[in-house]
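Text of model.csv, listed as CSV, C-alpha atoms and all ligand atoms:
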chain,number,residue,atom,x,y,z
A,17,MET,CA,131.2,69.6,81.3
A,18,ALA,CA,133.6,72.3,82.2
A,19,ASP,CA,137.3,71.9,81.2
A,20,GLY,CA,139.0,69.0,83.0
A,21,ARG,CA,135.8,68.0,84.8
A,22,ASP,CA,133.8,64.7,84.7
A,23,GLN,CA,131.0,66.2,86.8
A,24,LEU,CA,129.0,69.4,86.6
A,25,VAL,CA,130.6,72.2,88.7
A,26,LEU,CA,128.0,72.8,91.4
A,27,LEU,CA,127.8,76.4,92.5
A,28,ASN,CA,124.5,75.8,94.4
A,29,PRO,CA,124.5,75.7,98.2
A,30,GLY,CA,124.5,71.9,98.5
A,31,PRO,CA,124.5,69.2,97.6
A,32,VAL,CA,128.1,70.0,96.8
A,33,ASN,CA,130.7,68.4,94.6
A,34,LEU,CA,132.4,65.5,96.4
A,35,SER,CA,136.1,64.6,96.4
A,36,ARG,CA,136.9,61.3,94.7
A,37,ARG,CA,137.5,59.6,98.0
A,38,VAL,CA,134.2,60.7,99.4
A,39,ARG,CA,132.3,59.6,96.3
A,40,ALA,CA,134.1,56.3,96.4
A,41,ALA,CA,133.1,55.8,100.0
A,42,LEU,CA,129.4,55.8,99.0
A,43,ALA,CA,130.0,52.4,97.5
A,44,GLY,CA,131.3,51.0,100.8
A,45,PRO,CA,130.8,47.4,102.0
A,46,ASP,CA,127.5,45.7,102.8
A,47,ILE,CA,127.2,45.9,106.6
A,48,CYS,CA,124.5,45.3,109.2
A,49,HIS,CA,123.8,48.2,111.5
A,50,ARG,CA,123.6,45.8,114.5
A,51,GLU,CA,127.2,44.7,114.0
A,52,ARG,CA,130.5,46.1,115.3
A,53,GLU,CA,131.4,47.6,111.8
A,54,TYR,CA,128.5,50.0,112.2
A,55,THR,CA,129.2,50.9,115.8
A,56,ASP,CA,132.8,51.8,114.8
A,57,LEU,CA,131.6,53.9,111.9
A,58,GLN,CA,129.1,55.8,114.0
A,59,GLU,CA,131.7,56.4,116.8
A,60,SER,CA,134.1,57.7,114.2
A,61,VAL,CA,131.5,60.1,112.8
A,62,ARG,CA,130.4,61.2,116.3
A,63,SER,CA,133.9,62.1,117.4
A,64,GLY,CA,134.6,63.7,114.0
A,65,ILE,CA,131.7,66.0,114.4
A,66,LEU,CA,132.7,67.0,118.0
A,67,GLY,CA,136.2,67.6,116.7
A,68,VAL,CA,135.2,70.2,114.1
A,69,TYR,CA,134.9,72.8,116.8
A,70,GLY,CA,136.9,71.0,119.5
A,71,LEU,CA,133.9,70.2,121.7
A,72,SER,CA,134.0,68.0,124.8
A,73,ALA,CA,132.1,64.7,124.6
A,74,ASP,CA,131.1,65.1,128.3
A,75,GLU,CA,129.1,68.2,127.5
A,76,TRP,CA,128.1,67.8,123.8
A,77,VAL,CA,126.6,65.0,121.8
A,78,PRO,CA,125.7,64.8,118.1
A,79,ALA,CA,122.4,62.9,117.3
A,80,LEU,CA,122.9,61.5,113.8
A,81,LEU,CA,119.7,61.3,111.7
A,82,ALA,CA,118.6,60.0,108.3
A,83,GLY,CA,117.4,63.0,106.5
A,84,SER,CA,118.2,66.4,105.0
A,85,GLY,CA,118.9,69.6,107.0
A,86,THR,CA,115.2,70.2,107.6
A,87,ALA,CA,114.9,66.9,109.4
A,88,ALA,CA,117.6,68.2,111.8
A,89,ASP,CA,115.8,71.5,112.2
A,90,GLU,CA,112.6,69.7,113.0
A,91,ALA,CA,114.2,67.2,115.4
A,92,MET,CA,115.8,70.1,117.2
A,93,ILE,CA,112.7,72.2,117.6
A,94,GLY,CA,110.3,69.3,118.3
A,95,SER,CA,112.6,67.7,120.9
A,96,LEU,CA,114.0,70.6,122.8
A,97,ILE,CA,111.1,73.0,123.4
A,98,PRO,CA,108.9,71.8,126.3
A,99,GLU,CA,105.2,72.2,126.6
A,100,GLY,CA,104.2,75.7,127.7
A,101,ALA,CA,107.4,77.3,126.4
A,102,THR,CA,107.4,80.3,124.0
A,103,LEU,CA,109.8,80.3,121.1
A,104,ALA,CA,111.0,83.5,119.5
A,105,VAL,CA,112.2,83.0,115.9
A,106,VAL,CA,114.3,85.4,113.8
A,107,GLU,CA,113.0,85.5,110.3
A,108,ASN,CA,115.0,87.3,107.6
A,109,GLY,CA,114.9,84.6,104.9
A,110,VAL,CA,113.3,81.3,103.8
A,111,TYR,CA,115.0,79.2,106.5
A,112,GLY,CA,114.1,81.4,109.4
A,113,GLU,CA,110.5,81.2,108.1
A,114,ARG,CA,110.9,77.4,107.9
A,115,LEU,CA,111.9,77.2,111.6
A,116,ARG,CA,108.8,79.1,112.5
A,117,SER,CA,106.6,76.8,110.4
A,118,ILE,CA,108.1,73.8,112.1
A,119,ALA,CA,107.3,75.2,115.5
A,120,GLU,CA,103.8,76.0,114.4
A,121,ALA,CA,103.3,72.5,113.1
A,122,TYR,CA,104.2,71.2,116.6
A,123,GLY,CA,101.7,73.7,118.2
A,124,ILE,CA,104.5,75.6,119.9
A,125,SER,CA,103.7,79.2,120.9
A,126,VAL,CA,105.7,81.5,118.6
A,127,ARG,CA,106.8,85.1,118.8
A,128,ARG,CA,108.1,86.2,115.3
A,129,ILE,CA,111.1,88.6,115.0
A,130,THR,CA,110.8,89.6,111.3
A,131,ALA,CA,112.9,91.7,108.9
A,132,GLU,CA,113.0,92.0,105.2
A,133,TRP,CA,114.8,89.1,103.5
A,134,GLY,CA,118.4,90.0,103.5
A,135,ALA,CA,118.0,92.8,106.1
A,136,VAL,CA,120.1,92.9,109.2
A,137,VAL,CA,118.6,91.8,112.5
A,138,THR,CA,120.6,93.4,115.3
A,139,GLY,CA,121.1,92.3,118.8
A,140,GLU,CA,119.1,95.3,120.0
A,141,ALA,CA,116.1,94.3,117.8
A,142,VAL,CA,116.2,90.8,119.2
A,143,ALA,CA,116.6,92.2,122.7
A,144,ALA,CA,113.5,94.3,122.3
A,145,ALA,CA,111.5,91.4,121.1
A,146,LEU,CA,112.8,89.1,123.9
A,147,ASP,CA,111.6,91.5,126.5
A,148,ASP,CA,108.1,90.7,125.4
A,149,PRO,CA,105.9,90.4,128.6
A,150,ARG,CA,104.5,87.0,127.4
A,151,GLY,CA,107.7,85.5,128.6
A,152,ILE,CA,110.0,84.0,126.0
A,153,THR,CA,111.9,80.9,126.9
A,154,HIS,CA,113.7,79.9,123.7
A,155,LEU,CA,115.1,81.6,120.6
A,156,ALA,CA,115.8,80.1,117.2
A,157,ILE,CA,117.9,81.7,114.5
A,158,VAL,CA,119.5,80.7,111.3
A,159,HIS,CA,123.3,81.4,111.3
A,160,HIS,CA,123.9,81.7,107.6
A,161,GLU,CA,120.7,82.6,105.9
A,162,THR,CA,121.3,80.9,102.6
A,163,THR,CA,118.4,82.8,101.0
A,164,THR,CA,120.5,85.9,100.7
A,165,GLY,CA,124.0,84.9,101.8
A,166,ARG,CA,123.7,86.9,105.0
A,167,LEU,CA,125.7,85.7,108.0
A,168,ASN,CA,123.4,86.7,110.9
A,169,ASP,CA,125.2,88.2,113.9
A,170,LEU,CA,125.0,85.2,116.1
A,171,ALA,CA,127.5,86.5,118.7
A,172,SER,CA,125.3,89.6,119.5
A,173,VAL,CA,122.1,87.6,119.4
A,174,ALA,CA,123.7,85.0,121.7
A,175,ASP,CA,124.7,87.7,124.2
A,176,VAL,CA,121.1,89.0,124.6
A,177,ALA,CA,119.7,85.5,124.9
A,178,ARG,CA,122.3,84.6,127.5
A,179,GLU,CA,121.7,87.7,129.6
A,180,ARG,CA,118.0,86.8,129.7
A,181,GLY,CA,118.5,83.1,130.4
A,182,ILE,CA,116.8,82.2,127.1
A,183,GLN,CA,117.8,78.9,125.4
A,184,LEU,CA,119.4,79.3,122.0
A,185,LEU,CA,118.7,76.9,119.1
A,186,VAL,CA,120.7,77.5,115.9
A,187,ASP,CA,120.2,76.4,112.3
A,188,ALA,CA,123.9,76.0,111.3
A,189,VAL,CA,123.0,73.9,108.3
A,190,SER,CA,125.0,76.1,105.8
A,191,SER,CA,127.7,77.4,108.2
A,192,PHE,CA,128.9,74.4,110.2
A,193,GLY,CA,132.4,73.6,109.2
A,194,ALA,CA,133.2,76.9,107.5
A,195,GLU,CA,132.3,79.8,109.8
A,196,ALA,CA,133.2,80.7,113.3
A,197,LEU,CA,130.7,79.0,115.7
A,198,GLU,CA,131.5,79.3,119.4
A,199,LEU,CA,129.1,76.8,120.7
A,200,ASP,CA,130.4,77.0,124.3
A,201,GLY,CA,131.2,80.7,124.3
A,202,TRP,CA,127.8,81.7,122.8
A,203,SER,CA,125.9,79.4,125.2
A,204,ILE,CA,124.2,77.6,122.3
A,205,ASP,CA,122.0,74.7,123.4
A,206,ALA,CA,121.8,73.0,120.0
A,207,CYS,CA,122.5,73.4,116.4
A,208,ALA,CA,121.2,71.7,113.3
A,209,VAL,CA,123.8,70.5,110.7
A,210,SER,CA,123.7,68.7,107.4
A,211,ALA,CA,126.4,66.5,105.8
A,212,ASN,CA,126.2,67.9,102.3
A,213,LYS,CA,127.0,71.6,102.6
A,214,CYS,CA,130.2,72.9,104.2
A,215,LEU,CA,131.2,69.4,105.5
A,216,HIS,CA,131.5,68.2,101.9
A,217,GLY,CA,129.6,64.9,102.5
A,218,ALA,CA,126.8,63.4,100.5
A,219,PRO,CA,123.1,64.1,101.1
A,220,GLY,CA,121.2,61.8,103.4
A,221,VAL,CA,122.7,62.4,106.9
A,222,SER,CA,121.9,65.3,109.1
A,223,LEU,CA,122.4,65.8,112.8
A,224,VAL,CA,121.7,67.9,115.8
A,225,LEU,CA,124.7,68.8,117.9
A,226,LEU,CA,123.4,69.4,121.4
A,227,ARG,CA,124.3,70.0,124.9
A,228,ARG,CA,123.6,67.0,127.1
A,229,GLU,CA,122.2,69.3,129.7
A,230,ALA,CA,119.6,70.7,127.2
A,231,LEU,CA,118.4,67.2,126.4
A,232,ALA,CA,118.1,66.4,130.1
A,233,ARG,CA,116.1,69.6,130.7
A,234,THR,CA,113.5,68.6,128.1
A,235,ALA,CA,112.9,64.9,128.8
A,236,MET,CA,109.2,65.4,127.7
A,237,GLY,CA,110.1,66.6,124.2
A,238,ARG,CA,110.4,62.8,123.6
A,239,GLY,CA,106.7,62.5,123.2
A,240,ARG,CA,106.1,64.8,120.2
A,241,SER,CA,107.6,62.6,117.5
A,242,VAL,CA,108.8,59.0,117.3
A,243,TYR,CA,111.1,59.2,114.3
A,244,LEU,CA,112.5,62.7,115.1
A,245,SER,CA,113.0,62.4,118.9
A,246,LEU,CA,116.5,63.4,119.7
A,247,HIS,CA,116.2,61.5,123.0
A,248,ARG,CA,115.9,58.2,121.2
A,249,TYR,CA,118.9,58.9,119.0
A,250,VAL,CA,121.2,60.0,121.8
A,251,GLU,CA,120.2,57.1,124.1
A,252,ALA,CA,120.8,54.5,121.4
A,253,GLN,CA,123.9,56.1,119.9
A,254,ASP,CA,125.6,56.6,123.3
A,255,VAL,CA,125.7,52.8,123.7
A,256,GLY,CA,126.8,52.1,120.1
A,257,SER,CA,123.4,51.4,118.8
A,258,VAL,CA,120.9,53.2,116.6
A,259,PRO,CA,117.1,53.4,116.9
A,260,PHE,CA,116.3,53.0,113.2
A,261,THR,CA,118.1,51.8,110.0
A,262,PRO,CA,120.8,54.4,109.4
A,263,PRO,CA,121.6,55.8,105.9
A,264,LEU,CA,124.8,53.8,105.4
A,265,PRO,CA,126.2,55.1,102.2
A,266,PRO,CA,126.2,58.8,103.2
A,267,MET,CA,127.5,57.8,106.7
A,268,PHE,CA,130.5,56.2,105.0
A,269,ALA,CA,131.0,59.3,103.0
A,270,LEU,CA,130.6,61.7,105.9
A,271,ASP,CA,133.3,59.8,107.8
A,272,VAL,CA,135.7,60.2,105.0
A,273,ALA,CA,134.7,63.9,104.5
A,274,LEU,CA,135.3,64.6,108.2
A,275,GLY,CA,138.8,63.1,107.9
A,276,GLU,CA,139.5,65.2,104.8
A,277,LEU,CA,138.4,68.4,106.7
A,278,VAL,CA,140.9,67.6,109.5
A,279,ALA,CA,143.7,66.8,106.9
A,280,ALA,CA,143.0,70.1,105.1
A,281,GLY,CA,143.5,72.1,108.4
A,282,GLY,CA,140.0,72.1,109.9
A,283,TRP,CA,137.2,74.7,109.8
A,284,LYS,CA,139.5,77.8,109.7
A,285,ALA,CA,141.4,76.5,106.7
A,286,ARG,CA,138.1,75.7,105.0
A,287,HIS,CA,136.8,79.2,105.8
A,288,ASP,CA,140.0,80.7,104.3
A,289,THR,CA,139.6,78.7,101.2
A,290,TYR,CA,136.0,79.7,100.8
A,291,VAL,CA,136.9,83.4,101.4
A,292,ARG,CA,139.5,83.2,98.6
A,293,ARG,CA,137.0,81.6,96.2
A,294,ALA,CA,134.3,84.1,97.1
A,295,LYS,CA,136.7,87.0,96.7
A,296,ARG,CA,137.7,85.8,93.2
A,297,ILE,CA,134.0,85.5,92.2
A,298,ARG,CA,132.9,88.8,93.8
A,299,THR,CA,135.7,90.8,92.3
A,300,ALA,CA,135.2,89.4,88.8
A,301,LEU,CA,131.4,89.8,88.9
A,302,ASP,CA,131.7,93.3,90.3
A,303,ASP,CA,134.0,94.1,87.4
A,304,LEU,CA,131.3,92.8,85.0
A,305,GLY,CA,128.9,95.4,86.4
A,306,LEU,CA,126.7,93.0,88.3
A,307,THR,CA,125.1,94.3,91.5
A,308,ARG,CA,125.2,92.3,94.7
A,309,LEU,CA,122.3,92.0,97.0
A,310,LEU,CA,124.5,92.5,100.1
A,311,SER,CA,127.8,94.1,100.8
A,312,ASP,CA,131.0,92.5,102.0
A,313,GLY,CA,130.6,92.9,105.7
A,314,ASP,CA,127.2,91.1,105.7
A,315,LEU,CA,128.1,88.0,103.7
A,316,SER,CA,129.1,84.5,104.6
A,317,SER,CA,132.2,83.0,103.1
A,318,SER,CA,130.2,80.6,100.9
A,319,LEU,CA,127.5,82.3,98.9
A,320,THR,CA,126.8,85.6,97.0
A,321,ALA,CA,123.5,86.7,95.7
A,322,TYR,CA,123.4,89.0,92.7
A,323,ARG,CA,120.7,91.0,90.9
A,324,LEU,CA,120.1,89.4,87.5
A,325,PRO,CA,121.8,91.3,84.6
A,326,GLU,CA,119.6,93.8,82.8
A,327,GLY,CA,117.6,92.1,80.1
A,328,MET,CA,118.3,88.5,81.2
A,329,THR,CA,116.1,86.1,82.9
A,330,TYR,CA,117.3,83.5,85.5
A,331,ALA,CA,116.5,80.7,83.0
A,332,GLN,CA,118.6,82.2,80.3
A,333,LEU,CA,121.6,82.7,82.6
A,334,HIS,CA,121.2,79.3,84.2
A,335,ASP,CA,120.9,77.5,80.9
A,336,ALA,CA,123.9,79.3,79.3
A,337,LEU,CA,126.0,78.4,82.3
A,338,ARG,CA,124.7,74.8,82.6
A,339,GLN,CA,125.5,74.2,78.9
A,340,ARG,CA,129.1,75.0,79.8
A,341,GLY,CA,129.1,72.8,82.9
A,342,PHE,CA,128.3,75.2,85.7
A,343,VAL,CA,125.2,75.1,87.9
A,344,VAL,CA,124.1,78.2,89.7
A,345,TYR,CA,121.0,78.7,91.9
A,346,SER,CA,117.9,80.8,91.6
A,347,GLY,CA,116.4,83.1,94.2
A,348,GLN,CA,113.6,81.9,96.4
A,349,GLY,CA,110.2,83.4,97.2
A,350,SER,CA,109.8,87.1,96.5
A,351,LEU,CA,113.5,87.3,95.3
A,352,GLU,CA,113.0,84.6,92.7
A,353,PRO,CA,112.3,86.9,89.7
A,354,SER,CA,115.2,89.3,90.5
A,355,ILE,CA,118.3,87.4,91.8
A,356,PHE,CA,120.6,84.5,91.3
A,357,ARG,CA,123.0,82.9,93.7
A,358,VAL,CA,126.5,81.6,93.4
A,359,ALA,CA,127.8,79.3,96.2
A,360,ASN,CA,131.4,78.3,96.5
A,361,MET,CA,131.1,75.3,98.9
A,362,GLY,CA,132.3,71.8,98.1
A,363,GLU,CA,135.3,70.1,96.4
A,364,LEU,CA,136.1,72.8,93.9
A,365,THR,CA,139.5,73.7,92.4
A,366,SER,CA,140.7,77.2,91.5
A,367,ALA,CA,140.4,76.1,87.9
A,368,ASP,CA,136.7,75.6,88.5
A,369,ILE,CA,136.3,79.1,89.9
A,370,ASP,CA,138.4,80.6,87.1
A,371,GLY,CA,136.4,78.6,84.6
A,372,PHE,CA,133.1,80.0,86.0
A,373,VAL,CA,134.4,83.6,86.0
A,374,ALA,CA,135.6,83.2,82.3
A,375,THR,CA,132.2,81.7,81.4
A,376,MET,CA,130.4,84.6,83.0
A,377,GLU,CA,132.5,87.0,81.0
A,378,GLU,CA,131.7,85.2,77.9
A,379,ILE,CA,128.0,85.1,78.5
A,380,LEU,CA,127.7,88.7,79.5
B,1,LIG,C1,120.0,73.9,103.1
B,1,LIG,C2,119.5,74.5,104.3
B,1,LIG,C3,118.5,73.8,105.1
B,1,LIG,C4,118.0,72.5,104.9
B,1,LIG,O1,117.5,72.3,103.6
B,1,LIG,P1,117.3,70.8,103.1
B,1,LIG,O2,116.7,70.9,101.8
B,1,LIG,O3,116.4,70.1,104.1
B,1,LIG,O4,118.6,70.1,103.1
B,1,LIG,C5,118.2,74.5,106.3
B,1,LIG,N1,118.7,75.7,106.6
B,1,LIG,C6,119.6,76.3,105.9
B,1,LIG,C7,120.1,77.6,106.3
B,1,LIG,C8,120.0,75.8,104.7
B,1,LIG,O5,120.9,76.4,103.9

Go through the file and emit its structure as structure tokens.
Amino acid sequence: MADGRDQLVLLNPGPVNLSRRVRAALAGPDICHREREYTDLQESVRSGILGVYGLSADEWVPALLAGSGTAADEAMIGSLIPEGATLAVVENGVYGERLRSIAEAYGISVRRITAEWGAVVTGEAVAAALDDPRGITHLAIVHHETTTGRLNDLASVADVARERGIQLLVDAVSSFGAEALELDGWSIDACAVSANKCLHGAPGVSLVLLRREALARTAMGRGRSVYLSLHRYVEAQDVGSVPFTPPLPPMFALDVALGELVAAGGWKARHDTYVRRAKRIRTALDDLGLTRLLSDGDLSSSLTAYRLPEGMTYAQLHDALRQRGFVVYSGQGSLEPSIFRVANMGELTSADIDGFVATMEEIL
């Protein structure tokens, strides 16, 4: 373990290190999900989620699911895209490609908007694709493309979608809670979120935060899936119930984690904390001569991808760090042989970040 730590320091983009209170909450009481205790817990989590970006409960509703972030992506796409619709998908990393695979698995007609992994996708490029004569009705995009650390320009993309009356679905799995996300202002219909990234909860709960109006518009999306039908979750959760057995331990943990986010000053304060950590890591690793995949203006606050140091494999770097208590993350797909990623989400101290930097100096 790293100095002063009883856990590995996780510098992977989720699951993240938990606070002691959040971890303790995982061992909450034995309860039945058809009793008042569960309804209270669920209501608390629902209002906590709306509170992160100050959304109105009249217009927005979170559908809480058992599953990882991909379950939320799948529920969002499967439930909100009606028969006969055409979905455009922005693909500049693994997660954009995953959104497209989900749509294809559901037999949804897809128009791909592709770019190299890590490359920018501008509002103009999206606009050109959306003007496709086949008639696009929906657009899906990943906000923070965790593959490379790129924060996609959601504001510009949202503008072009809104101008054309196209419904916008967002994978905000690795940005919700730590990046600017103007759900109302950007006319977003729904976004997929996970408990165990920037919200600092434990894995096992994910959710789709959606406009009630979007749900009403797609009443027939209900038929595509039984377990991942957002309609079922919202109907039940609106009356304090739940359609299937919920993941109780991570629900307890998420409730505490949302309380800690508020106590720490909300998403903006978390963003600032992440920016400070990222700056410390980026400055130090730049000084060590490492090359970043993307430059400052393109990056999220929570992850940086680097070229592997000359003459070192990912396994060598990973194992040397792991031995000293730090877990970093490999590249994915075509980037796997050439990069490594350092995330700075989760319950980390400045001593953890300093320790990581010192360890990198030692190893290199
Ligand atoms: C982590 C992540 C997901 C979901 O991955 P799971 O393994 O299902 O949790 C989806 N999209 C993005 C952008 C992510 O970073």

Find the residue from A:Leu115, A:Ala79, A:Leu170, A:Leu226 that sits nearest to Val136 in chain A; use all atoms listed in the file when measuring. A:Leu170

Contacts of ligand LIG 1 (chain B), 6 Å or closer, all atoms listed in the file, given as an NGL selection string: :A and (84-86 or 111 or 158 or 160-162 or 187 or 189-190)

All residues 6 Å or closer to Thr102 in chain A, only C-alpha atoms, same chain fewer than 2 positions away omitted, as a list of chain:residue names: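 Residues meeting the cut-off are A:Ser125, A:Val126, A:Ile152, A:Thr153.
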
I need the residue nearest Trp283 in chain A from this list: A:Gly100, A:Pro31, A:Gly193, A:Gly67. Use all atoms listed in the file for the distance.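 So, comparing all the options, the nearest one is A:Gly193.
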
In the coordinates of the file, take the point (137.4, 65.7, 86.4) and a cut-off of 12 Å; then, counting only C-alpha atoms, name each qualifying protein, DNA or RNA residue as a PyMOL selection string. chain A and resi 17-25+33-36+341+363-365+367-368

Distance criterion (only C-alpha atoms): nearest to Ala156 in chain A out of A:Ala171, A:Ala135, A:Val105, A:Arg127: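 Closest to Ala156 in chain A, using only C-alpha atoms: A:Val105.
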
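When only C-alpha atoms are used to measure the gap to Ala121 in chain A, the shortest distance among A:Ser241, A:Thr163, A:Ser60, A:Ser318 belongs to A:Ser241.
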
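As for CA of Asn28 in chain A and CA of Cys214 in chain A, they are spaced 11.7 Å apart.
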
State, in Å with one decimal place, the distance from CA of Ala131 in chain A to CA of Gly109 in chain A.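 Computed distance, CA of Ala131 in chain A to CA of Gly109 in chain A, equals 8.4 Å.
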
CA of Ala194 in chain A to CA of Arg37 in chain A, straight-line distance in Å: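 CA of Arg37 in chain A sits 20.2 Å away from CA of Ala194 in chain A.
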
Env of Ala279 in chain A: 12 Å cut, atoms = only C-alpha atoms, seq-sep filter 6 positions within chain, self excluded. Answer as an MDAnalysis selection string. chainID A and resid 64 68 272:273 285:286

Please produce an output containing C-alpha atoms for each residue in the selection, written as a compact mmCIF listing (two decimals), in the frame of the given file.
# COMPACT_ATOMS: atom_id res chain seq x y z
CA GLY A 64 134.60 63.70 114.00
CA VAL A 68 135.20 70.20 114.10
CA VAL A 272 135.70 60.20 105.00
CA ALA A 273 134.70 63.90 104.50
CA ALA A 285 141.40 76.50 106.70
CA ARG A 286 138.10 75.70 105.00

Residue with the minimum atom-to-atom distance to Ala294 in chain A, picked from A:Leu309, A:Val142, A:Leu27, A:Ala196 with only C-alpha atoms counted, is A:Leu27

Of the listed residues A:Ser210, A:Leu66, A:Leu351, A:Leu185, that which approaches Ala230 in chain A most closely, counting only C-alpha atoms: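 The answer is A:Leu185, which sits nearest to Ala230 in chain A.
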
Within 12 Å of Leu71 in chain A, counting all atoms listed in the file, which residues qualify if same-chain residues fewer than 6 places away don't, as a list in words?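 After dropping sequence-adjacent residues, the list is Arg62, Ser63, Gly64, Ile65, Val77, Pro78, Leu197, Glu198, Leu199, Asp200, Gly201, Leu225, Leu226 and Arg227 of chain A.
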
With only C-alpha atoms as the counted atoms, please give the residues lying no more than 10 Å from Leu155 in chain A, apart from itself and same-chain residues fewer than 6 positions off, as a VMD selection string. chain A and resid 97 102 to 106 126 to 129 142 146 173 to 174 177 182 to 186
